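S.K.: Take a look at input32.txt, compact mmCIF, C-alpha atoms:
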```
# COMPACT_ATOMS: atom_id res chain seq x y z
CA MET A 27 0.00 0.00 0.00
CA LYS A 28 2.81 2.34 0.94
CA SER A 29 4.64 1.65 -2.29
CA LEU A 30 1.48 2.36 -4.28
CA LEU A 31 1.05 5.72 -2.56
CA ALA A 32 4.68 6.55 -3.11
CA THR A 33 4.36 5.72 -6.80
CA LEU A 34 1.25 7.88 -7.14
CA ALA A 35 2.92 10.77 -5.36
CA LEU A 36 5.97 10.47 -7.57
CA THR A 37 4.00 10.37 -10.83
CA THR A 38 1.89 13.33 -9.70
CA ALA A 39 4.98 15.28 -8.77
CA LEU A 40 6.50 14.57 -12.16
CA THR A 41 3.33 15.33 -14.15
CA LEU A 42 2.13 18.53 -12.51
CA PRO A 43 5.16 20.70 -13.35
CA GLY A 44 4.86 19.61 -16.97
CA LEU A 45 1.24 20.70 -17.09
CA ALA A 46 1.96 23.97 -15.32
CA MET A 47 4.86 24.90 -17.60
CA ALA A 48 2.76 25.57 -20.70
CA ARG A 49 -0.59 27.15 -21.46
CA PRO A 50 -2.77 27.69 -24.53
CA VAL A 51 -2.30 31.16 -25.98
CA SER A 52 -4.48 32.44 -28.79
CA MET A 53 -3.15 35.07 -31.17
CA THR A 54 -5.52 37.04 -33.35
CA THR A 55 -4.29 38.98 -36.37
CA THR A 56 -6.54 41.13 -38.55
CA LEU A 57 -5.24 42.44 -41.85
CA ASN A 58 -6.03 45.71 -43.56
CA ASN A 59 -7.82 45.82 -46.88
CA TYR A 60 -4.60 46.64 -48.69
CA GLY A 61 -5.93 45.42 -52.03
CA GLY A 62 -3.39 42.75 -52.82
CA ASP A 63 -2.82 39.01 -52.69
CA GLY A 64 -2.65 36.98 -49.52
CA ALA A 65 -0.02 38.10 -47.05
CA TYR A 66 2.83 35.94 -45.81
CA LEU A 67 3.33 36.45 -42.09
CA ALA A 68 6.14 35.21 -39.86
CA LEU A 69 5.52 35.27 -36.13
CA TYR A 70 8.71 34.81 -34.14
CA VAL A 71 10.26 35.63 -30.79
CA THR A 72 13.43 37.45 -29.82
CA ASP A 73 14.99 37.61 -26.36
CA ALA A 74 15.84 40.69 -24.32
CA SER A 75 19.02 41.24 -26.33
CA GLY A 76 17.14 41.08 -29.62
CA ALA A 77 18.49 37.69 -30.59
CA TYR A 78 16.19 35.33 -32.46
CA VAL A 79 14.82 32.58 -30.20
CA GLY A 80 12.36 30.72 -32.39
CA SER A 81 9.31 30.89 -34.61
CA LEU A 82 5.71 30.56 -33.48
CA TRP A 83 3.87 30.53 -36.80
CA MET A 84 4.38 30.94 -40.53
CA ALA A 85 1.39 31.98 -42.65
CA GLY A 86 2.32 30.97 -46.18
CA GLY A 87 3.62 27.62 -47.34
CA LYS A 88 6.00 28.37 -50.21
CA SER A 89 9.51 28.80 -48.94
CA LYS A 90 10.60 30.63 -52.10
CA TYR A 91 8.84 33.74 -50.79
CA TYR A 92 10.36 33.64 -47.31
CA GLU A 93 13.21 35.94 -48.27
CA HIS A 94 10.64 38.76 -48.30
CA LEU A 95 10.04 38.25 -44.60
CA THR A 96 13.32 40.02 -44.29
CA ASP A 97 14.04 40.11 -40.55
CA TRP A 98 12.88 36.56 -40.04
CA TYR A 99 14.90 35.44 -43.05
CA ARG A 100 18.01 37.23 -41.81
CA ALA A 101 17.69 35.57 -38.42
CA THR A 102 17.04 32.06 -39.71
CA GLY A 103 18.71 31.98 -43.10
CA GLY A 104 15.35 30.82 -44.44
CA ASP A 105 15.65 27.51 -42.62
CA THR A 106 12.31 25.82 -43.15
CA ALA A 107 12.95 23.48 -40.21
CA GLN A 108 12.21 26.50 -38.03
CA VAL A 109 8.57 26.41 -39.13
CA ASN A 110 7.94 22.70 -39.63
CA GLY A 111 4.58 21.87 -38.08
CA ILE A 112 3.66 25.52 -37.51
CA THR A 113 2.97 26.58 -41.09
CA GLY A 114 -0.44 27.41 -42.52
CA ALA A 115 -1.97 29.27 -45.43
CA SER A 116 -1.27 32.90 -46.26
CA VAL A 117 -3.86 35.40 -45.04
CA GLY A 118 -6.08 37.35 -47.41
CA ALA A 119 -6.54 41.11 -47.25
CA GLY A 120 -9.18 42.10 -44.70
CA ARG A 121 -9.21 38.63 -43.15
CA THR A 122 -8.66 37.67 -39.53
CA PHE A 123 -6.79 34.57 -38.51
CA GLU A 124 -6.54 33.16 -35.05
CA ILE A 125 -4.00 30.62 -33.91
CA THR A 126 -3.98 28.82 -30.61
CA LEU A 127 -0.60 27.56 -29.49
CA ASP A 128 0.52 25.67 -26.44
CA LEU A 129 3.28 28.01 -25.26
CA ALA A 130 5.79 27.71 -22.45
CA ASP A 131 5.09 29.86 -19.40
CA ALA A 132 8.72 30.93 -19.42
CA LEU A 133 7.99 33.05 -22.48
CA PHE A 134 6.00 35.61 -20.51
CA ASP A 135 7.37 38.38 -18.32
CA ALA A 136 10.90 37.35 -19.17
CA GLY A 137 11.92 40.03 -21.67
CA TYR A 138 10.80 38.21 -24.82
CA THR A 139 9.26 40.11 -27.73
CA LEU A 140 6.92 38.76 -30.37
CA HIS A 141 7.55 40.05 -33.90
CA ILE A 142 5.52 39.79 -37.08
CA ASP A 143 7.14 40.21 -40.50
CA ALA A 144 4.75 40.61 -43.44
CA ALA A 145 5.10 40.41 -47.21
CA VAL A 146 2.63 40.64 -50.08
CA GLU A 147 3.30 39.78 -53.70
CA ASP A 148 4.21 42.82 -55.80
CA MET A 149 3.92 45.07 -52.76
CA ARG A 150 6.44 46.38 -50.27
CA ASP A 151 7.92 44.04 -47.70
CA SER A 152 7.13 44.96 -44.15
CA PRO A 153 9.57 43.56 -41.59
CA ASN A 154 8.79 44.08 -37.93
CA GLU A 155 5.21 44.91 -38.78
CA VAL A 156 4.36 44.24 -35.15
CA ALA A 157 6.70 44.06 -32.15
CA ILE A 158 5.00 43.40 -28.84
CA PRO A 159 6.54 42.38 -25.50
CA LEU A 160 5.20 39.09 -24.18
CA THR A 161 3.81 39.88 -20.74
CA THR A 162 0.85 38.55 -18.81
CA SER A 163 -0.40 42.11 -18.33
CA GLY A 164 -0.25 42.74 -22.07
CA ALA A 165 -2.64 39.90 -22.86
CA GLY A 166 -5.85 41.08 -24.47
CA THR A 167 -4.44 44.48 -25.39
CA PRO A 168 -4.53 44.95 -29.17
CA VAL A 169 -1.71 46.70 -31.01
CA ASN A 170 -1.71 48.16 -34.50
CA GLY A 171 0.59 47.04 -37.28
CA ARG A 172 2.54 49.35 -39.59
CA ARG A 173 1.31 48.42 -43.07
CA TYR A 174 -0.65 45.23 -43.62
CA VAL A 175 -1.67 44.27 -40.09
CA ALA A 176 -4.60 46.27 -38.80
CA GLN A 177 -4.55 44.76 -35.34
CA PHE A 178 -2.87 42.04 -33.34
CA ALA A 179 -3.58 40.71 -29.86
CA TYR A 180 -2.82 37.64 -27.79
CA ASP A 181 -4.95 36.12 -25.06
CA MET A 182 -4.18 33.59 -22.37
CA MET B 29 72.51 -38.08 -67.52
CA LYS B 30 70.73 -37.02 -64.40
CA LYS B 31 72.25 -33.58 -64.73
CA THR B 32 71.00 -33.21 -68.29
CA LEU B 33 67.55 -34.33 -67.32
CA ALA B 34 67.47 -31.83 -64.48
CA LEU B 35 68.57 -29.02 -66.79
CA LEU B 36 65.87 -29.93 -69.31
CA ILE B 37 63.17 -29.98 -66.68
CA ALA B 38 64.32 -26.63 -65.28
CA SER B 39 64.49 -24.95 -68.68
CA THR B 40 61.06 -26.32 -69.61
CA ALA B 41 59.60 -25.06 -66.39
CA LEU B 42 61.12 -21.62 -66.92
CA THR B 43 59.91 -21.46 -70.49
CA THR B 44 56.45 -22.44 -69.43
CA ALA B 45 56.37 -19.96 -66.57
CA ILE B 46 57.57 -17.02 -68.64
CA GLY B 47 56.38 -17.89 -72.11
CA VAL B 48 52.77 -18.82 -71.53
CA PRO B 49 51.71 -15.52 -69.97
CA ALA B 50 53.64 -13.55 -72.60
CA TRP B 51 52.04 -15.53 -75.38
CA SER B 52 48.61 -15.05 -73.86
CA ALA B 53 49.11 -11.32 -73.60
CA MET B 54 50.08 -11.05 -77.24
CA ARG B 55 46.99 -12.89 -78.43
CA ALA B 56 44.25 -10.64 -79.73
CA PRO B 57 40.98 -11.12 -77.82
CA ASP B 58 37.97 -12.46 -79.57
CA GLY B 59 35.64 -9.95 -81.19
CA THR B 60 38.26 -7.27 -81.75
CA ILE B 61 36.69 -6.09 -84.97
CA ALA B 62 33.24 -5.87 -83.44
CA GLN B 63 34.58 -3.91 -80.48
CA THR B 64 36.44 -1.53 -82.72
CA VAL B 65 33.31 -0.82 -84.77
CA ALA B 66 31.27 -0.32 -81.62
CA ALA B 67 33.83 2.09 -80.22
CA VAL B 68 33.82 4.14 -83.39
CA LEU B 69 30.03 4.27 -83.42
CA ASP B 70 29.94 5.29 -79.76
CA ASP B 71 32.40 8.07 -80.48
CA ALA B 72 30.18 9.22 -83.28
CA HIS B 73 27.22 9.36 -80.93
CA GLU B 74 29.19 11.39 -78.44
CA ALA B 75 30.36 13.75 -81.14
CA LEU B 76 26.76 14.61 -82.00
CA PRO B 77 25.02 15.27 -78.70
CA LEU B 78 21.36 16.23 -78.64
CA ILE B 79 20.87 19.89 -77.89
CA PHE B 80 17.79 21.06 -76.03
CA VAL B 81 16.43 24.21 -77.59
CA SER B 82 14.39 26.36 -75.26
CA ASP B 83 12.24 29.39 -76.03
CA ASP B 84 12.19 30.31 -72.37
CA ASP B 85 14.34 33.41 -72.75
CA ASP B 86 11.83 35.73 -71.16
CA ASP B 87 11.89 33.81 -67.92
CA GLU B 88 15.66 33.76 -67.90
CA ARG B 89 15.73 37.51 -68.38
CA GLU B 90 13.23 37.87 -65.57
CA HIS B 91 15.43 35.89 -63.20
CA ARG B 92 18.53 37.82 -64.20
CA SER B 93 16.84 41.16 -63.79
CA GLY B 94 15.99 40.26 -60.21
CA ALA B 95 12.23 40.11 -60.55
CA ARG B 96 10.97 39.27 -57.12
CA HIS B 97 7.66 37.48 -57.54
CA ASP B 98 5.97 35.25 -60.06
CA ASP B 99 3.40 36.98 -62.16
CA ASP B 100 1.41 33.78 -62.59
CA ASP B 101 0.18 35.02 -65.96
CA ASP B 102 2.85 33.58 -68.18
CA ASP B 103 4.68 30.36 -68.82
CA ASP B 104 7.11 30.79 -66.00
CA HIS B 105 8.58 27.97 -63.95
CA ASP B 106 5.35 26.50 -62.72
CA ASP B 107 7.13 23.37 -61.62
CA CYS B 108 8.64 25.47 -58.88
CA ASP B 109 5.29 25.92 -57.22
CA ASP B 110 5.53 22.82 -55.09
CA ASP B 111 9.24 22.81 -54.51
CA ASP B 112 11.43 25.71 -53.79
CA CYS B 113 13.63 26.65 -56.74
CA LYS B 114 16.35 28.10 -54.56
CA GLY B 115 18.89 25.55 -53.48
CA ASN B 116 16.32 22.76 -53.61
CA ALA B 117 15.07 23.83 -50.19
CA ARG B 118 11.79 22.13 -49.35
CA ASN B 119 8.64 23.80 -48.19
CA PRO B 120 7.99 23.38 -44.48
CA ALA B 121 5.68 20.69 -43.16
CA PRO B 122 2.16 22.08 -42.65
CA ALA B 123 0.73 22.41 -39.17
CA GLY B 124 -0.78 19.19 -37.86
CA THR B 125 1.43 16.92 -39.95
CA VAL B 126 4.42 17.03 -37.62
CA ALA B 127 5.04 18.33 -34.12
CA PRO B 128 6.13 21.95 -33.68
CA PRO B 129 9.88 22.51 -33.59
CA GLN B 130 11.72 21.91 -30.32
CA ASN B 131 12.73 25.53 -29.89
CA GLY B 132 11.78 25.82 -26.24
CA LEU B 133 8.76 28.01 -27.00
CA PHE B 134 6.16 25.26 -27.17
CA GLY B 135 4.85 22.99 -24.46
CA ASN B 136 4.29 19.33 -25.05
CA GLY B 137 0.54 19.69 -25.23
CA ALA B 138 -1.93 20.32 -27.99
CA LEU B 139 -0.99 20.84 -31.61
CA PRO B 140 -1.48 24.36 -33.02
CA GLN B 141 -5.02 25.27 -34.03
CA VAL B 142 -5.72 27.84 -36.72
CA GLN B 143 -8.95 29.52 -37.67
CA MET B 144 -9.50 31.91 -40.56
CA LYS B 145 -12.37 34.38 -40.42
```
Would you write out, as structure tokens, the structure that this file holds?

M.R.:
Amino acid sequence: MKSLLATLALTTALTLPGLAMARPVSMTTTLNNYGGDGAYLALYVTDASGAYVGSLWMAGGKSKYYEHLTDWYRATGGDTAQVNGITGASVGAGRTFEITLDLADALFDAGYTLHIDAAVEDMRDSPNEVAIPLTTSGAGTPVNGRRYVAQFAYDM
Amino acid sequence: MKKTLALLIASTALTTAIGVPAWSAMRAPDGTIAQTVAAVLDDAHEALPLIFVSDDDDDEREHRSGARHDDDDDDDHDDCDDDDCKGNARNPAPAGTVAPPQNGLFGNGALPQVQMK
């Protein structure tokens, strides 16, 4: 009986931190009616020193266009492995897309910044369209983009 | 007599050991004429290689001039749509087909969900 209890306590102790270390975060991006084709968007994170940490989402599946997401491309060298499993379709003008990601708690209130680079065919590239610090207090507060993104917000 | 016999045996053995390989090497292999003809014909084939003639000059000019996007209204390199033309880099795996990258940003829970409105 004692060994059973000990086993249960051990498995609980091992499982709970894992569950507590990540949470679902939804990110909502609304694009302007810029009158062009679907936009490619790269959502990625930099640390407090501005160094690239990793990608959260890539909207747009053809890697030949990634060079137009200039900051992301400079940071990654266009490495498609950075966005394997987190790539979806490009986003049409005036559309809203919402992604829900299971993100590590350590991302918030630790000096990380979420960036969005945007590019549209035959239109100007827009690196750093959005740059927003990842904080728990900033959740639910929308920010405006510079060119193609009308509004972006994340919720936890 | 024994000495003579020994000398004969030794000289025969030497002759056999040296002469047979030399004689074999000097012999022309079978089918020499056929091989010679085939070699000449093969050379002729190589001397007249097939040349692919392309009328794709416009696309080449477009690439050289640094055009940045496909227009999708001409006969450009449509076979590049599925595969990246630059350095044979592949397109990334779509969401849901593989797990997100292990970059320390993601938990080990649910796969990404996307919704377009």

S.K.: Restricting the calculation to only C-alpha atoms, which member of B:Gly135, B:Pro129, B:Pro140, B:Pro122 is positioned closest to Ala130 (chain A)?

M.R.: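 That would be B:Gly135, the residue with the smallest distance to Ala130 (chain A).
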
S.K.: For chain B, report every residue with an atom at most 7 Å from chain A (counting only C-alpha atoms), formatted as a list in words.

M.R.: His97, Asp112, Cys113, Lys114, Asn119, Pro120, Ala121, Pro122, Ala123, Gly124, Thr125, Val126, Ala127, Pro128, Pro129, Asn131, Leu133, Phe134, Gly135, Gly137, Ala138, Pro140, Gln141, Val142, Gln143, Met144 and Lys145 of chain B

S.K.: Skipping near chain neighbours, those fewer than 2 positions away, what residues fall within 7 Å of Leu140 (chain A) using only C-alpha atoms, listed as a VMD selection string?

M.R.: chain A and resid 69 to 72 138 142 157 to 160

S.K.: Pick from A:Ala68, A:Val175, A:Ala77, A:Ala165: nearest to His141 (chain A), with all atoms listed in the file counted?

M.R.: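 Looking only at the distances to His141 (chain A), the closest residue turns out to be A:Ala68.
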
S.K.: Please determine, counting only C-alpha atoms, which residue among A:Gly166, A:Asp143, A:Phe178, A:Arg173 has the shortest atom-to-atom distance to Tyr60 (chain A).

M.R.: A:Arg173

S.K.: Measure the distance from CA of Leu57 (chain A) to CA of Ala176 (chain A) in Å and round it to one decimal.

M.R.: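 Taking CA of Leu57 (chain A) and CA of Ala176 (chain A), their separation equals 4.9 Å.
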
S.K.: Compile the contact shell of Ala144 (chain A) as a list in words: residues with an atom at most 9 Å away, counting all atoms listed in the file, same-chain residues fewer than 6 positions apart removed.

M.R.: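 Returned residues: Ala65, Tyr66, Leu67, Ala68, His94, Leu95, Thr96, Asp151, Ser152, Pro153, Asn154, Glu155, Arg173, Tyr174 and Val175 of chain A.
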
S.K.: As an exercise, work out the distance from CA of Phe134 (chain A) to CA of Ser163 (chain A) in Å and give it to one decimal place.

M.R.: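 Calculated distance between CA of Phe134 (chain A) and CA of Ser163 (chain A) is 9.4 Å.
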
S.K.: Mind pulling up the distance from CA of Gly61 (chain A) to CA of Arg150 (chain A)?

M.R.: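 Separating CA of Arg150 (chain A) from CA of Gly61 (chain A) is a distance of 12.5 Å.
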